[in-house]
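Here is the file model.cif (mmCIF, C-alpha atoms).
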data_target
#
loop_
_atom_site.label_atom_id
_atom_site.label_comp_id
_atom_site.auth_asym_id
_atom_site.auth_seq_id
_atom_site.Cartn_x
_atom_site.Cartn_y
_atom_site.Cartn_z
CA MET A 1 -20.71 -2.14 -10.72
CA PRO A 2 -18.56 -2.20 -7.56
CA LEU A 3 -15.38 -0.20 -7.46
CA THR A 4 -12.10 -2.07 -7.64
CA ALA A 5 -9.06 -1.17 -5.60
CA THR A 6 -5.64 -0.64 -7.06
CA THR A 7 -4.25 -2.31 -3.99
CA ALA A 8 -6.16 -4.25 -1.39
CA ALA A 9 -7.31 -2.15 1.50
CA PRO A 10 -5.14 -2.45 4.59
CA THR A 11 -6.61 -4.67 7.22
CA THR A 12 -7.67 -3.04 10.47
CA ASN A 13 -7.35 -5.98 12.86
CA ARG A 14 -3.59 -5.81 13.23
CA VAL A 15 -1.96 -4.70 16.45
CA GLY A 16 0.26 -1.90 15.12
CA LEU A 17 1.42 -0.06 12.03
CA ASP A 18 4.13 -1.20 9.67
CA ARG A 19 6.83 1.25 8.59
CA THR A 20 5.17 2.09 5.27
CA ALA A 21 1.85 2.91 6.91
CA THR A 22 3.54 5.01 9.60
CA ILE A 23 5.36 7.10 7.01
CA ALA A 24 2.14 7.58 5.04
CA VAL A 25 0.24 8.75 8.14
CA VAL A 26 3.03 11.22 8.99
CA VAL A 27 2.94 12.59 5.42
CA CYS A 28 -0.84 13.01 5.67
CA TRP A 29 -0.36 14.82 8.97
CA LEU A 30 2.17 17.19 7.38
CA PHE A 31 -0.41 18.02 4.72
CA VAL A 32 -2.86 18.90 7.49
CA VAL A 33 -0.19 21.20 9.01
CA PHE A 34 0.04 22.93 5.63
CA ASP A 35 -3.76 23.16 5.58
CA GLY A 36 -3.74 24.78 9.01
CA TYR A 37 -1.15 27.35 8.00
CA ASP A 38 -3.26 28.45 5.05
CA LEU A 39 -6.39 28.62 7.19
CA ILE A 40 -4.90 31.01 9.71
CA VAL A 41 -2.55 33.09 7.57
CA TYR A 42 -5.32 35.32 6.21
CA GLY A 43 -6.40 36.40 9.69
CA ASN A 44 -2.84 37.49 10.39
CA VAL A 45 -2.63 39.76 7.33
CA ILE A 46 -6.07 41.42 7.50
CA PRO A 47 -4.76 44.62 9.17
CA SER A 48 -2.02 44.92 6.53
CA LEU A 49 -4.44 44.40 3.65
CA GLN A 50 -6.83 47.00 5.08
CA ASN A 51 -4.01 49.54 5.35
CA GLU A 52 -2.63 48.86 1.87
CA TRP A 53 -5.85 48.55 -0.11
CA GLY A 54 -8.13 50.70 2.06
CA ILE A 55 -10.80 48.00 2.40
CA SER A 56 -13.46 47.94 5.10
CA ALA A 57 -13.97 45.26 7.72
CA ALA A 58 -16.99 43.99 5.79
CA THR A 59 -14.92 43.66 2.59
CA ALA A 60 -12.15 41.90 4.52
CA GLY A 61 -14.76 39.48 5.82
CA THR A 62 -15.98 38.82 2.30
CA LEU A 63 -12.43 38.03 1.16
CA GLY A 64 -12.07 35.61 4.06
CA SER A 65 -15.35 33.94 3.17
CA LEU A 66 -14.27 33.29 -0.43
CA ALA A 67 -11.60 30.82 0.67
CA PHE A 68 -14.11 29.04 2.87
CA LEU A 69 -16.62 28.93 0.01
CA GLY A 70 -13.97 27.17 -2.05
CA MET A 71 -13.35 24.84 0.89
CA MET A 72 -17.02 23.93 1.06
CA ILE A 73 -17.05 22.91 -2.60
CA GLY A 74 -13.63 21.25 -2.43
CA ALA A 75 -14.45 19.14 0.61
CA VAL A 76 -17.60 17.64 -0.92
CA LEU A 77 -16.02 16.97 -4.31
CA ALA A 78 -12.65 15.70 -3.04
CA GLY A 79 -14.20 13.41 -0.45
CA ARG A 80 -16.33 11.70 -3.09
CA LEU A 81 -13.47 11.73 -5.60
CA SER A 82 -11.16 9.98 -3.16
CA ASP A 83 -13.65 7.11 -2.92
CA ILE A 84 -13.49 6.76 -6.72
CA VAL A 85 -9.94 7.47 -7.94
CA GLY A 86 -8.01 6.77 -4.76
CA ARG A 87 -6.86 8.67 -1.72
CA LYS A 88 -3.31 9.27 -2.98
CA ARG A 89 -4.31 11.11 -6.15
CA ALA A 90 -6.96 13.13 -4.32
CA VAL A 91 -4.57 14.18 -1.52
CA ILE A 92 -1.76 15.20 -3.86
CA GLY A 93 -4.10 16.99 -6.26
CA CYS A 94 -5.62 19.04 -3.44
CA ALA A 95 -2.16 19.91 -2.12
CA ILE A 96 -0.96 21.14 -5.51
CA VAL A 97 -4.03 23.36 -6.03
CA LEU A 98 -3.72 24.79 -2.52
CA SER A 99 0.01 25.46 -2.76
CA VAL A 100 0.04 27.04 -6.22
CA PHE A 101 -2.91 29.37 -5.76
CA THR A 102 -1.95 30.38 -2.21
CA ALA A 103 1.51 31.35 -3.45
CA LEU A 104 -0.05 33.36 -6.28
CA CYS A 105 -1.90 35.43 -3.66
CA ALA A 106 1.46 37.09 -2.95
CA LEU A 107 1.25 38.62 -6.45
CA ALA A 108 -2.27 40.01 -6.01
CA THR A 109 -2.56 43.71 -6.81
CA GLY A 110 -6.00 44.28 -5.31
CA PRO A 111 -8.90 42.68 -3.45
CA VAL A 112 -10.64 41.29 -6.57
CA MET A 113 -7.59 39.37 -7.76
CA PHE A 114 -6.78 38.30 -4.21
CA GLY A 115 -10.32 37.03 -3.60
CA ALA A 116 -10.38 35.02 -6.84
CA LEU A 117 -7.09 33.32 -5.98
CA ARG A 118 -8.25 32.54 -2.43
CA LEU A 119 -11.45 31.03 -3.81
CA ILE A 120 -9.51 28.64 -6.06
CA ALA A 121 -6.99 27.85 -3.32
CA GLY A 122 -9.96 27.01 -1.11
CA LEU A 123 -10.86 24.09 -3.38
CA GLY A 124 -7.61 22.39 -2.44
CA LEU A 125 -7.79 23.63 1.13
CA GLY A 126 -11.19 22.07 1.65
CA GLY A 127 -10.23 18.78 0.05
CA LEU A 128 -7.01 18.12 1.96
CA VAL A 129 -8.51 17.37 5.38
CA PRO A 130 -11.18 14.80 4.36
CA THR A 131 -8.90 13.01 1.90
CA SER A 132 -5.90 12.92 4.25
CA ASN A 133 -8.04 11.74 7.15
CA ALA A 134 -9.76 9.09 5.05
CA LEU A 135 -6.40 7.70 3.93
CA ALA A 136 -4.93 7.75 7.44
CA ALA A 137 -8.03 6.07 8.89
CA GLU A 138 -7.62 3.11 6.57
CA LEU A 139 -3.97 2.60 7.51
CA VAL A 140 -4.50 2.15 11.25
CA PRO A 141 -6.19 -0.53 13.35
CA ALA A 142 -9.89 0.11 13.92
CA ARG A 143 -9.46 0.61 17.67
CA TRP A 144 -7.03 3.48 17.06
CA ARG A 145 -8.95 5.28 14.33
CA ALA A 146 -10.57 7.83 16.63
CA ALA A 147 -7.27 8.69 18.32
CA VAL A 148 -5.36 8.94 15.04
CA ALA A 149 -8.07 11.07 13.41
CA THR A 150 -7.95 13.44 16.38
CA MET A 151 -4.15 13.53 16.44
CA MET A 152 -4.09 14.15 12.69
CA MET A 153 -6.04 17.33 13.24
CA SER A 154 -3.39 18.65 15.61
CA GLY A 155 -1.72 19.69 12.36
CA VAL A 156 -4.28 22.47 11.84
CA PRO A 157 -3.40 24.55 14.93
CA ILE A 158 0.30 23.70 14.55
CA GLY A 159 0.12 25.19 11.06
CA GLY A 160 -1.79 28.14 12.50
CA SER A 161 0.87 28.60 15.16
CA ILE A 162 3.56 28.61 12.47
CA ALA A 163 1.60 31.32 10.64
CA ALA A 164 1.37 33.44 13.79
CA LEU A 165 5.04 32.95 14.68
CA LEU A 166 6.16 33.83 11.14
CA GLY A 167 3.86 36.82 11.02
CA ILE A 168 5.36 38.49 14.10
CA PRO A 169 8.77 39.18 12.45
CA VAL A 170 7.85 38.89 8.75
CA ILE A 171 4.86 41.22 8.34
CA PRO A 172 6.40 44.34 9.98
CA ASN A 173 9.69 43.94 8.08
CA TRP A 174 8.74 42.49 4.69
CA GLY A 175 4.99 42.94 4.38
CA TRP A 176 2.20 40.41 3.97
CA GLN A 177 3.29 38.91 0.62
CA PRO A 178 5.96 36.49 1.96
CA MET A 179 3.32 34.91 4.22
CA PHE A 180 1.60 33.53 1.10
CA ALA A 181 4.79 32.79 -0.86
CA PHE A 182 5.71 30.37 1.94
CA ALA A 183 3.09 28.00 0.49
CA LEU A 184 5.62 26.99 -2.18
CA VAL A 185 7.60 25.05 0.44
CA PRO A 186 5.11 22.13 0.68
CA LEU A 187 4.83 22.00 -3.11
CA ILE A 188 8.57 21.66 -3.51
CA LEU A 189 9.28 19.37 -0.56
CA LEU A 190 6.15 17.50 0.50
CA VAL A 191 4.39 16.64 -2.76
CA PRO A 192 7.34 14.60 -4.16
CA ILE A 193 7.63 12.70 -0.87
CA ALA A 194 3.90 11.98 -0.92
CA TRP A 195 4.07 10.67 -4.48
CA LYS A 196 6.68 8.12 -3.40
CA THR A 197 5.29 7.12 -0.01
CA LEU A 198 1.49 7.25 -0.07
CA PRO A 199 -0.13 3.94 -1.04
CA ASP A 200 -2.05 3.61 -4.30
CA HIS A 201 -5.32 2.60 -2.76
CA THR A 202 -9.01 3.24 -3.22
CA ALA A 203 -11.44 2.60 -0.41
CA ALA A 204 -13.44 -0.08 -2.11
CA VAL A 205 -14.71 -3.54 -1.48
CA THR A 206 -13.75 -6.57 -3.52
CA SER A 207 -16.02 -7.97 -6.20
CA THR A 208 -17.24 -10.70 -3.85
CA GLU A 209 -18.60 -8.18 -1.36
CA VAL A 210 -22.06 -6.70 -1.75
CA ARG A 211 -23.26 -3.24 -0.86
CA PRO A 212 -26.62 -1.74 -1.80
CA ALA A 213 -25.48 1.78 -2.69
CA THR A 214 -22.45 4.03 -2.75
CA GLY A 215 -21.68 7.72 -2.57
CA PHE A 216 -24.28 10.29 -1.63
CA SER A 217 -27.17 7.95 -2.40
CA ALA A 218 -26.00 5.76 0.48
CA LEU A 219 -24.94 8.61 2.74
CA LEU A 220 -28.34 10.29 2.49
CA GLY A 221 -30.34 7.09 2.28
CA THR A 222 -32.61 5.72 4.98
CA ARG A 223 -29.84 4.25 7.12
CA PHE A 224 -27.52 7.26 7.40
CA ARG A 225 -29.59 10.32 6.46
CA SER A 226 -30.46 11.64 9.91
CA VAL A 227 -27.05 11.21 11.50
CA SER A 228 -25.34 12.59 8.38
CA MET A 229 -27.43 15.77 8.67
CA MET A 230 -26.65 16.05 12.39
CA PHE A 231 -22.91 15.65 11.83
CA ALA A 232 -23.03 18.34 9.13
CA LEU A 233 -24.92 20.78 11.39
CA ALA A 234 -22.58 20.15 14.34
CA THR A 235 -19.62 20.76 12.04
CA MET A 236 -21.23 23.94 10.72
CA VAL A 237 -21.55 25.68 14.09
CA THR A 238 -18.19 24.37 15.33
CA LEU A 239 -16.40 25.70 12.25
CA LEU A 240 -18.22 29.02 12.60
CA ALA A 241 -16.65 29.42 16.04
CA TRP A 242 -13.19 28.09 15.12
CA TYR A 243 -12.70 29.86 11.80
CA GLY A 244 -14.38 32.99 13.04
CA LEU A 245 -11.77 33.25 15.77
CA GLY A 246 -9.00 32.30 13.37
CA THR A 247 -10.02 35.04 10.95
CA TRP A 248 -10.85 37.91 13.26
CA LEU A 249 -8.95 37.44 16.52
CA PRO A 250 -5.91 39.64 15.67
CA LYS A 251 -8.23 42.39 14.40
CA LEU A 252 -10.54 42.06 17.42
CA MET A 253 -7.65 42.40 19.84
CA GLN A 254 -6.22 45.33 17.89
CA GLY A 255 -9.60 47.00 18.26
CA ALA A 256 -9.31 46.43 21.99
CA GLY A 257 -6.19 48.58 22.06
CA THR A 258 -3.27 46.19 21.49
CA ASP A 259 -0.66 46.57 18.76
CA LEU A 260 -0.31 44.02 15.94
CA GLY A 261 2.51 42.10 17.62
CA SER A 262 0.52 41.66 20.83
CA ALA A 263 -2.64 40.84 18.89
CA LEU A 264 -0.78 38.02 17.10
CA THR A 265 0.30 36.59 20.45
CA PHE A 266 -3.38 36.15 21.33
CA ALA A 267 -3.79 34.26 18.06
CA LEU A 268 -0.77 32.17 19.00
CA ALA A 269 -2.37 31.37 22.38
CA LEU A 270 -5.54 30.23 20.59
CA ASN A 271 -3.59 27.95 18.26
CA LEU A 272 -1.33 26.54 20.98
CA GLY A 273 -4.47 25.75 22.95
CA ALA A 274 -5.82 23.98 19.89
CA VAL A 275 -2.60 21.94 19.62
CA ALA A 276 -2.92 20.92 23.25
CA GLY A 277 -6.59 20.23 22.69
CA SER A 278 -5.79 17.78 19.91
CA PHE A 279 -3.80 15.61 22.31
CA VAL A 280 -6.16 16.01 25.27
CA THR A 281 -9.23 15.18 23.20
CA ALA A 282 -7.44 12.24 21.57
CA TRP A 283 -6.94 10.76 25.03
CA GLY A 284 -10.48 11.65 26.07
CA GLY A 285 -11.94 10.16 22.90
CA VAL A 286 -10.25 6.81 23.54
CA ARG A 287 -11.04 6.85 27.25
CA PHE A 288 -14.61 8.16 27.27
CA GLY A 289 -15.74 8.03 23.63
CA THR A 290 -15.52 10.62 20.86
CA ILE A 291 -19.03 12.07 21.13
CA PRO A 292 -19.17 12.46 24.96
CA THR A 293 -15.72 14.07 24.92
CA SER A 294 -16.74 16.41 22.09
CA ILE A 295 -19.74 17.59 24.11
CA VAL A 296 -17.46 18.58 27.01
CA ALA A 297 -15.03 20.30 24.63
CA ALA A 298 -17.79 22.34 22.99
CA LEU A 299 -19.16 23.41 26.38
CA LEU A 300 -15.67 24.45 27.47
CA ALA A 301 -15.26 26.62 24.37
CA GLY A 302 -18.66 28.26 24.75
CA VAL A 303 -18.21 29.13 28.41
CA ALA A 304 -14.66 30.40 27.84
CA LEU A 305 -15.63 32.72 24.98
CA LEU A 306 -18.67 34.14 26.76
CA SER A 307 -16.52 34.84 29.83
CA LEU A 308 -14.70 37.47 27.75
CA LEU A 309 -17.77 39.66 28.22
CA THR A 310 -16.75 40.16 31.87
CA SER A 311 -13.64 42.18 30.82
CA PRO A 312 -11.09 39.90 32.50
CA PRO A 313 -7.44 40.96 33.02
CA VAL A 314 -4.93 40.37 30.22
CA ALA A 315 -3.32 37.32 31.84
CA LEU A 316 -6.71 35.65 32.13
CA ILE A 317 -7.56 36.53 28.52
CA TYR A 318 -4.60 34.45 27.38
CA VAL A 319 -5.89 31.53 29.45
CA ILE A 320 -9.37 31.99 27.97
CA PHE A 321 -8.04 31.85 24.41
CA VAL A 322 -6.04 28.72 25.22
CA LEU A 323 -9.23 27.11 26.54
CA ALA A 324 -11.18 28.34 23.51
CA GLY A 325 -8.58 26.73 21.27
CA VAL A 326 -8.80 23.48 23.21
CA GLY A 327 -12.58 23.49 22.99
CA THR A 328 -13.32 24.69 19.46
CA HIS A 329 -10.62 22.78 17.63
CA GLY A 330 -10.93 19.80 19.96
CA THR A 331 -14.62 19.54 19.17
CA GLN A 332 -13.96 19.55 15.42
CA CYS A 333 -11.22 16.93 15.80
CA LEU A 334 -13.62 14.66 17.64
CA ILE A 335 -16.40 15.15 15.09
CA ILE A 336 -14.00 14.07 12.34
CA ALA A 337 -12.93 11.10 14.46
CA ALA A 338 -16.56 10.13 15.03
CA VAL A 339 -17.38 10.32 11.32
CA ALA A 340 -14.27 8.32 10.41
CA SER A 341 -15.37 5.57 12.81
CA TYR A 342 -19.11 5.70 12.18
CA TYR A 343 -19.26 4.91 8.45
CA PRO A 344 -18.01 1.83 6.54
CA ASP A 345 -14.82 2.03 4.48
CA TYR A 346 -16.53 2.56 1.13
CA LEU A 347 -18.38 5.63 2.48
CA ARG A 348 -15.67 7.15 4.68
CA GLY A 349 -14.28 9.66 2.19
CA THR A 350 -17.75 10.70 1.07
CA ALA A 351 -18.95 11.04 4.67
CA LEU A 352 -15.97 13.14 5.73
CA GLY A 353 -16.34 15.30 2.62
CA TRP A 354 -20.05 15.76 3.31
CA ALA A 355 -19.62 16.73 6.97
CA LEU A 356 -16.74 19.09 6.26
CA GLY A 357 -18.22 20.38 3.01
CA VAL A 358 -21.69 21.23 4.29
CA GLY A 359 -20.14 22.26 7.59
CA ARG A 360 -18.06 24.83 5.73
CA VAL A 361 -21.22 26.94 5.50
CA GLY A 362 -20.29 27.97 9.02
CA ALA A 363 -16.74 28.72 7.94
CA VAL A 364 -18.01 30.75 4.98
CA ALA A 365 -20.39 32.70 7.19
CA ALA A 366 -17.97 33.38 10.04
CA PRO A 367 -15.67 35.97 8.39
CA GLN A 368 -18.64 37.70 6.74
CA ILE A 369 -20.81 37.89 9.86
CA GLY A 370 -17.84 38.93 12.00
CA GLY A 371 -16.97 41.71 9.56
CA LEU A 372 -20.56 42.92 9.39
CA LEU A 373 -20.81 43.05 13.19
CA LEU A 374 -17.64 45.13 13.35
CA ALA A 375 -18.77 47.37 10.49
CA ALA A 376 -22.03 47.98 12.37
CA GLY A 377 -20.02 49.29 15.32
CA LEU A 378 -21.01 46.44 17.66
CA GLY A 379 -17.42 45.80 18.73
CA ALA A 380 -15.44 42.72 19.64
CA ASP A 381 -17.96 41.49 22.22
CA SER A 382 -20.55 40.83 19.49
CA ASN A 383 -18.11 38.45 17.82
CA PHE A 384 -17.32 36.66 21.06
CA ILE A 385 -21.05 36.21 21.73
CA LEU A 386 -21.54 34.80 18.22
CA PHE A 387 -18.67 32.33 18.52
CA GLY A 388 -19.47 31.35 22.10
CA VAL A 389 -23.14 30.65 21.40
CA SER A 390 -22.14 28.65 18.31
CA ALA A 391 -19.98 26.40 20.49
CA LEU A 392 -22.87 25.85 22.90
CA VAL A 393 -25.19 24.94 20.01
CA ALA A 394 -22.57 22.41 18.86
CA ALA A 395 -22.68 20.83 22.34
CA LEU A 396 -26.47 20.52 22.06
CA LEU A 397 -26.35 18.90 18.60
CA LEU A 398 -23.65 16.47 19.69
CA THR A 399 -25.73 15.52 22.70
CA VAL A 400 -28.58 14.61 20.35
CA ILE A 401 -26.21 12.46 18.25
CA TRP A 402 -24.90 10.74 21.37
CA ARG A 403 -28.36 9.90 22.69
CA ARG A 404 -30.14 9.01 19.43
CA PHE A 405 -27.50 7.66 17.04
CA PRO A 406 -25.12 5.19 18.66
CA SER A 407 -22.27 4.21 16.34
CA PRO A 408 -22.91 0.93 14.46
CA THR A 409 -19.16 0.28 13.99
#
Re-express the file's structure as structure tokens.
Amino acid sequence: MPLTATTAAPTTNRVGLDRTATIAVVVCWLFVVFDGYDLIVYGNVIPSLQNEWGISAATAGTLGSLAFLGMMIGAVLAGRLSDIVGRKRAVIGCAIVLSVFTALCALATGPVMFGALRLIAGLGLGGLVPTSNALAAELVPARWRAAVATMMMSGVPIGGSIAALLGIPVIPNWGWQPMFAFALVPLILLVPIAWKTLPDHTAAVTSTEVRPATGFSALLGTRFRSVSMMFALATMVTLLAWYGLGTWLPKLMQGAGTDLGSALTFALALNLGAVAGSFVTAWGGVRFGTIPTSIVAALLAGVALLSLLTSPPVALIYVIFVLAGVGTHGTQCLIIAAVASYYPDYLRGTALGWALGVGRVGAVAAPQIGGLLLAAGLGADSNFILFGVSALVAALLLTVIWRRFPSPT
């Protein structure tokens, strides 16, 4: 039985966006900003949590991985759910879960309670990006989908930059708890706006249209199986590099002899580079294609991170982290854009959830592996090798997709 839409899907052959669609896309983008804040905030408070609770680097990595484990589950479930019950309900539901359980982290009295709350918050965290991107993709003309999907993801590093900027004055003066309590702001302000402005729409065909299969049976069927696996693997290694840096960069730079304030400025450089990368890769994706541009971005990230092994001067390190932000986040933006354009409407949410959900294995592994490398006494360079090589592997996988799986849309 085919799904029925609450409201007819917006057409994609129009020249521009109407006012309602524009507002909805902006609201979705603001949710992605919120998502980005929550992604990066944990990396900023790791030193404070270690001092207060006396936890090791390996334990801190495990706590970071719990949120990403929740994200992996949330992305797969929310992406599929959005194709069934509608994008609006899925987006708002994910935002509420993320906001409430992130704010509750401020009340955590120890690592066990904190880890449980981060795991549950991760369900909403993982679901926000695929559902928001799926909704935004259906509100824009087809020719602009790749650019809008890439621009949407600029919200992640902007949110991360907000986390770093807040952390510089807040953590030394008021501790780490206010950094999580800040998550109440989107719940109070953004969720009511979303309820009024987001369209009630499910990505479905009308009863006169025919499709052979839906959901994961179609995504992993003969037509899409190979490319779906490749997108998931490319996402996995890209997220390993991006979230690994987001989690461990302040701690890595502290280990290199900088104080917390200076270490957070390196994290800010990474996130500002990622913001710039969102715009640069959006232009490159439209001009040269999403997959070719993503290959260049991944290569840039890999080379930049491995160049840290040469012990460059401080000024150059800032430049390297800006380039790493451009490359790692830019690559992930372009992968999302490619997925949003590659699959038909009725599979878009499921496909984005699949790529981001399975890809979160890399995000889950990154904090844990980074912590284990540090606990083994291998130093910051071992992390930079891990993240740099991951970016180069992403470039290789994307090259395979580009050569073997041209987009049918």
(message) Could you check the closest approach to Ile120 of chain A for each of A:Leu245, A:Ala232, A:Ala103, A:Ala147 and tell me which residue wins, using all atoms listed in the file?
(response) A:Ala103
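The nearest approach to Ala67 of chain A among the residues A:Val303, A:Leu123, A:Leu30, A:Ala324, with all atoms listed in the file taken into account, belongs to A:Leu123.
The smallest atom-to-atom distance between Gly126 of chain A and any of A:Gly74, A:Gly61, A:Gly377, A:Gly93, using all atoms listed in the file, is found for A:Gly74.
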May I have a table of the residues of segment 161-190 of chain A lying at most 12 Å from segment 104-112 of chain A, giving each one's closest pair of atoms and their distance in Å to one decimal, counting only C-alpha atoms, ordered by chain and ascending residue number, as a Markdown table?
| residue | atom | partner | partner_atom | distance |
| --- | --- | --- | --- | --- |
| A:Trp174 | CA | A:Ala106 | CA | 11.9 |
| A:Gly175 | CA | A:Ala106 | CA | 10.0 |
| A:Trp176 | CA | A:Ala106 | CA | 7.7 |
| A:Gln177 | CA | A:Ala106 | CA | 4.4 |
| A:Pro178 | CA | A:Ala106 | CA | 6.7 |
| A:Met179 | CA | A:Ala106 | CA | 7.7 |
| A:Phe180 | CA | A:Ala106 | CA | 5.4 |
| A:Ala181 | CA | A:Ala106 | CA | 5.8 |
| A:Phe182 | CA | A:Ala106 | CA | 9.3 |
| A:Ala183 | CA | A:Leu104 | CA | 9.2 |
| A:Leu184 | CA | A:Leu104 | CA | 9.5 |
(request) For the structure shown, which residues end up in the PyMOL selection byres ((chain A and resi 168) around 12)? Put them as a ChimeraX atom specification, please? (result) /A:41,44-45,161-167,169-176,179,250,259-268
So for segment 373-390 of chain A, what box centre and size do we get, axis-aligned, 5 Å extra on each of the six sides, every listed atom, Å to one decimal, as JSON?
{"center_x": -19.3, "center_y": 39.0, "center_z": 16.4, "size_x": 17.7, "size_y": 30.6, "size_z": 21.7}
List the spatial neighbours of Leu373 of chain A as an mmCIF file with C-alpha atoms, in the coordinates of the input - criterion: any atom at most 12 Å away, all atoms listed in the file, same-chain residues fewer than 4 positions off excluded.
data_model
loop_
_atom_site.group_PDB
_atom_site.id
_atom_site.type_symbol
_atom_site.label_atom_id
_atom_site.label_comp_id
_atom_site.auth_asym_id
_atom_site.auth_seq_id
_atom_site.Cartn_x
_atom_site.Cartn_y
_atom_site.Cartn_z
ATOM 1 C CA SER A 56 -13.460 47.940 5.100
ATOM 2 C CA ALA A 57 -13.970 45.260 7.720
ATOM 3 C CA ALA A 58 -16.990 43.990 5.790
ATOM 4 C CA GLY A 61 -14.760 39.480 5.820
ATOM 5 C CA GLY A 244 -14.380 32.990 13.040
ATOM 6 C CA TRP A 248 -10.850 37.910 13.260
ATOM 7 C CA LEU A 252 -10.540 42.060 17.420
ATOM 8 C CA ALA A 365 -20.390 32.700 7.190
ATOM 9 C CA ALA A 366 -17.970 33.380 10.040
ATOM 10 C CA PRO A 367 -15.670 35.970 8.390
ATOM 11 C CA GLN A 368 -18.640 37.700 6.740
ATOM 12 C CA ILE A 369 -20.810 37.890 9.860
ATOM 13 C CA GLY A 377 -20.020 49.290 15.320
ATOM 14 C CA LEU A 378 -21.010 46.440 17.660
ATOM 15 C CA GLY A 379 -17.420 45.800 18.730
ATOM 16 C CA ALA A 380 -15.440 42.720 19.640
ATOM 17 C CA ASP A 381 -17.960 41.490 22.220
ATOM 18 C CA SER A 382 -20.550 40.830 19.490
ATOM 19 C CA ASN A 383 -18.110 38.450 17.820
ATOM 20 C CA PHE A 384 -17.320 36.660 21.060
ATOM 21 C CA ILE A 385 -21.050 36.210 21.730
ATOM 22 C CA LEU A 386 -21.540 34.800 18.220
#
(request) Please evaluate the PyMOL selection byres ((chain A and resi 18-26) around 7) against the structure above and give the resulting residues as a ChimeraX atom specification. (result) /A:16-17,27-30,136,139,197-198
(message) Evaluated on this file, the PyMOL selection byres ((chain A and resi 325) around 7) picks out some residues - which ones are they, written as a PyMOL selection string?
(response) chain A and resi 270-271+273-274+277+321-324+326-329
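Compared by their closest atoms to Phe288 of chain A, and using all atoms listed in the file, the residues A:Leu306, A:Val100, A:Leu334, A:Pro199 rank with A:Leu334 nearest.
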(message) Which residue is closest to Tyr342 of chain A? Choose from A:Val76, A:Phe114, A:Ala282, A:Trp402 and count all atoms listed in the file.
(response) A:Trp402
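Each of A:Ala394, A:Leu117, A:Cys94, A:Leu356 was checked against Gly302 of chain A using only C-alpha atoms; the smallest atom-to-atom distance is that of A:Ala394.
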